[in-house]
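Colleague: Following this message is one structure expressed as structure tokens.
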Amino acid sequence: MADEATDEKALPSFAEMQAAGAVVGEIRIVTHNIFDLDDPKENKSLFRLANKLHIQTRPSVIESSLLFHSGEPLSVRLIEESERLLRENRYIYDVNIHPLAYHDGIVDIAVETRDTWTLQPGVSFSRAGGSNAIGLSVKDNNLLGTGISFGYAQVSDVDRKGTEFFISQNHAFGAWTQIELKVADYDDGKLQSFRFGRPFYALDTRWAAGVSALHNENIESIYQEGAIVGQYRRKQDLAEVFGGWSKGLIDGWAQRYSVGLSYWADTYTVDPSLIPPSAVPADQTLVSPFVRYGLVQDDYRKLINRNQIQRPEYFAMGFNSNLQVNRALTSLGSTRDLWIYSATVSKGVEAPRGNDLLASAAYSGQYGEGRSERQLLSGSLRYYVPMGKRALFYAAAYGATVKNPLVADLLLLGGDNGLRGYPLRYQSGEQRVQFTVEERVYTDWYPFRLFRVGGAVFYDVGRAWGGPYQNPVNPGWLSDVGFGLRILSARSSFGNVLRIDIAFPLTSDPNIASPQLLVTTSSTF
């Protein structure tokens, strides 16, 4: 970024100033355009044109994400958390918060950001599990520099095609109020969703509240051996209102409590124009008060070359958990009296020599009439082993089991969700296990100052089994090997990683083409 007005080497660190009892003085917000024209490598005609066409982020938008303010005691924690929050905005390429001046116990602070290109008109294409998905879109993640996300898209994938429109704002009314609206019209139904509220946006947030609603109509498909063997129509209506409170961050921990009311209605119908299913779930309406508890530990690590290429990213290493219990009552309009519950937990561990282990688990289900239903238990492990600055060994394990499920709850495994050498949804079952190992390379190649390039070689192995729709041809363990190219669109707010993989299935099946080509986009490596 631009040279700093004051030589930081002559200034104490933020930590030293905090220890001395410093107070925040002036906060100077400087937003930079996409390309640094003072850098000869970026002072090109195309980049100058992009800067002219781009509307820079308004300083007020950056200011709304800051957790520290003039006149308050200096806090290193709030500065670091403000950087994390700013980096979550996809229209920001880089963040640099540094001291400008320090005098009479007062520190003036500069908050410098650099924008990304946020307008995305274009065509998208992806291929996974032998199926293609295409789309035409016009999106902007920072409309007129206001932080508003807006988009219209024509989409087509293996499940449905249609049009989507969305608009969202995370800092409405100059505060932390979030508003989101999405409307979509598909060939198999439609979707409408709305969300309005104030979340627990920071570790020390003392209250939260919100309301949300969703209406979705679609065709649900039942898969066996990667082929559709049954279909039915589903109409779903969801709504929730909640309020929450917290005492804030105390000794590195934040506890959050919420209460609310939820509405959940599912209606299923058989369509004679579709492949008839062997059975359809029963209609159900659940109106339930709920309580929710969250526990978050303040422990984050700023790393590079993990899930992104040459971009800083924060790993949540602290303990994080959420527990929610609903009670559906017929007296409120529910079709049944039910207990509904869910829990999630995650934790990171810093292993020796810079290795990182991230673990997570989730459990959900419902209980009524003396029996448990739709019990889902899942867990994952991700292990990162840096091998120098440009390479990393990655290993991941995932497992899940479902008990007394609906057809829609069955676990799927294939080219679209972890087993790259096989058709999408190739196996289906009530248990699923998969493992992946990758050797990743993050090059310093920076073509046109627009893209970051990496690559990987990988091995996948997994299995989904049990239940009425188990694959009769290949019910056992499946594995594949392959290699791939990763291209990060570094200067775009859509900053996705283009993943081009070629995978070779190791379990024989004459109906599976070898190799499998996958072209997808993802937020991670």
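Order determines the names: the first chain of the structure tokens is A, the second B, and so forth; residues in each chain are numbered 1 upward, and ligands are numbered 1 upward as they are shown.
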Which residues are near segment 185-196 of chain A? Cut-off 7 Å, only C-alpha atoms, ignore same chain within fewer than 6 positions. Put them as a PyMOL selection string.

Modeller: chain A and resi 160-164+178-179+210-219

Colleague: How far is it from atom CA of Ala351 of chain A to atom CA of Ser378 of chain A, in Å with one decimal?

Modeller: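 Taking atom CA of Ala351 of chain A as the start and atom CA of Ser378 of chain A as the end point, the length is 23.4 Å.
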
Colleague: With distances taken over only C-alpha atoms, which residue among A:Leu37, A:Glu220, A:Arg301, A:Gly230 lies nearest Asp409 of chain A?

Modeller: A:Glu220

Colleague: Based on DSSP run over this structure's backbone, return all residues of segment 268-363 of chain A in helix (DSSP H, G or I), as a PyMOL selection string.

Modeller: chain A and resi 330-332+352-354

Colleague: Go ahead and save the picked residues with C-alpha atoms, as a PDB file, in the first residue's frame.

Modeller:
ATOM      1  CA  THR A 330     -49.682 -29.250  18.962  1.00  0.00           C
ATOM      2  CA  SER A 331     -51.232 -26.485  21.038  1.00  0.00           C
ATOM      3  CA  LEU A 332     -49.307 -24.010  18.853  1.00  0.00           C
ATOM      4  CA  PRO A 352       4.549 -29.091  16.592  1.00  0.00           C
ATOM      5  CA  ARG A 353       6.528 -27.552  13.703  1.00  0.00           C
ATOM      6  CA  GLY A 354       3.710 -25.277  12.590  1.00  0.00           C
TER       7      GLY A 354
END

Colleague: Can I get the residues of segment 300-329 of chain A within 9 Å of segment 437-446 of chain A, each with the closest pair of atoms and their distance in Å to one decimal, using only C-alpha atoms, sorted chain first then ascending number, as a tab-separated table?

Modeller:
residue	atom	partner	partner_atom	distance
A:Asn305	CA	A:Tyr442	CA	6.7
A:Arg306	CA	A:Arg440	CA	9.0
A:Gln308	CA	A:Tyr442	CA	8.8
A:Ile309	CA	A:Tyr442	CA	6.0
A:Gln310	CA	A:Tyr442	CA	7.4

Colleague: At what distance in Å, to one decimal, does atom CA of Gly348 of chain A lie from atom CA of Asn322 of chain A?

Modeller: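 One can read the atom CA of Asn322 of chain A to atom CA of Gly348 of chain A distance as 15.9 Å.
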
Colleague: Nearest residue to Ser149 of chain A out of A:Ser13, A:Asn326, A:Ser493, A:Ser262, using only C-alpha atoms?

Modeller: A:Ser493

Colleague: Would you pick out the contacts of Leu323 of chain A at 10 Å or less, using only C-alpha atoms, so that residues sharing its chain but fewer than 5 positions from it are not included, and give the list as an mmCIF file with N, CA, C and O atoms, in the first residue's frame?

Modeller:
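Writing done, so here's part05.cif:
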data_model
loop_
_atom_site.group_PDB
_atom_site.id
_atom_site.type_symbol
_atom_site.label_atom_id
_atom_site.label_comp_id
_atom_site.auth_asym_id
_atom_site.auth_seq_id
_atom_site.Cartn_x
_atom_site.Cartn_y
_atom_site.Cartn_z
ATOM 1 N N TYR A 257 -26.669 -16.310 24.750
ATOM 2 C CA TYR A 257 -27.947 -16.960 25.021
ATOM 3 C C TYR A 257 -28.999 -16.353 24.103
ATOM 4 O O TYR A 257 -29.042 -15.127 23.916
ATOM 5 N N VAL A 291 -34.538 -22.479 22.726
ATOM 6 C CA VAL A 291 -33.444 -21.803 23.438
ATOM 7 C C VAL A 291 -32.150 -22.193 22.744
ATOM 8 O O VAL A 291 -32.012 -23.319 22.227
ATOM 9 N N ARG A 292 -31.207 -21.264 22.721
ATOM 10 C CA ARG A 292 -29.939 -21.500 22.037
ATOM 11 C C ARG A 292 -28.808 -20.975 22.912
ATOM 12 O O ARG A 292 -28.909 -19.906 23.514
ATOM 13 N N TYR A 293 -27.718 -21.747 22.945
ATOM 14 C CA TYR A 293 -26.551 -21.362 23.746
ATOM 15 C C TYR A 293 -25.300 -21.485 22.885
ATOM 16 O O TYR A 293 -25.103 -22.489 22.183
ATOM 17 N N GLY A 294 -24.471 -20.456 22.918
ATOM 18 C CA GLY A 294 -23.219 -20.481 22.178
ATOM 19 C C GLY A 294 -22.047 -20.133 23.069
ATOM 20 O O GLY A 294 -22.160 -19.304 23.976
ATOM 21 N N LEU A 295 -20.917 -20.770 22.815
ATOM 22 C CA LEU A 295 -19.693 -20.519 23.570
ATOM 23 C C LEU A 295 -18.555 -20.368 22.562
ATOM 24 O O LEU A 295 -18.316 -21.261 21.742
ATOM 25 N N TYR A 341 -33.472 -30.986 18.385
ATOM 26 C CA TYR A 341 -32.233 -30.546 19.013
ATOM 27 C C TYR A 341 -31.085 -30.604 18.006
ATOM 28 O O TYR A 341 -31.102 -31.363 17.030
ATOM 29 N N SER A 342 -30.091 -29.785 18.238
ATOM 30 C CA SER A 342 -28.896 -29.779 17.401
ATOM 31 C C SER A 342 -27.736 -29.233 18.213
ATOM 32 O O SER A 342 -27.919 -28.412 19.118
ATOM 33 N N ALA A 343 -26.542 -29.679 17.882
ATOM 34 C CA ALA A 343 -25.340 -29.220 18.572
ATOM 35 C C ALA A 343 -24.168 -29.275 17.604
ATOM 36 O O ALA A 343 -24.075 -30.184 16.764
ATOM 37 N N THR A 344 -23.288 -28.301 17.696
ATOM 38 C CA THR A 344 -22.054 -28.288 16.921
ATOM 39 C C THR A 344 -20.901 -27.908 17.833
ATOM 40 O O THR A 344 -21.078 -27.162 18.802
ATOM 41 N N VAL A 345 -19.722 -28.416 17.522
ATOM 42 C CA VAL A 345 -18.535 -28.085 18.298
ATOM 43 C C VAL A 345 -17.325 -28.126 17.357
ATOM 44 O O VAL A 345 -17.268 -28.952 16.436
ATOM 45 N N ALA A 362 -20.935 -32.543 14.731
ATOM 46 C CA ALA A 362 -22.298 -32.030 14.757
ATOM 47 C C ALA A 362 -23.258 -33.178 15.053
ATOM 48 O O ALA A 362 -23.022 -34.327 14.637
ATOM 49 N N TYR A 363 -24.325 -32.852 15.772
ATOM 50 C CA TYR A 363 -25.358 -33.849 16.094
ATOM 51 C C TYR A 363 -26.707 -33.159 16.045
ATOM 52 O O TYR A 363 -26.864 -32.044 16.542
ATOM 53 N N SER A 364 -27.681 -33.816 15.418
ATOM 54 C CA SER A 364 -29.025 -33.249 15.345
ATOM 55 C C SER A 364 -30.040 -34.379 15.283
ATOM 56 O O SER A 364 -29.709 -35.520 14.926
#

Colleague: Between A:Val95, A:Leu357, A:Ala395, A:Ile167, single out the one closest to Ala316 of chain A, counting only C-alpha atoms.

Modeller: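 So, comparing all the options, the nearest one is A:Leu357.
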
Colleague: Can you work out the spacing between atom CA of Phe315 of chain A and atom CA of Gly248 of chain A in Å, to one decimal?

Modeller: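 Result for atom CA of Phe315 of chain A versus atom CA of Gly248 of chain A: 21.2 Å, one decimal.
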
Colleague: Which is closest to Ser82 of chain A among A:Ala202, A:Ala50, A:Ile148, A:Ile29, if we use only C-alpha atoms?

Modeller: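 Selected residue with least distance to Ser82 of chain A: A:Ala202.
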
Colleague: Looking only at strand (DSSP E) from DSSP on the backbone, list the matching residues of segment 207-442 of chain A as an MDAnalysis selection string.

Modeller: chainID A and resid 207:224 227:250 253:269 284:297 300:304 312:316 320:328 338:350 356:368 371:386 391:403 411:413 427:429 431:442
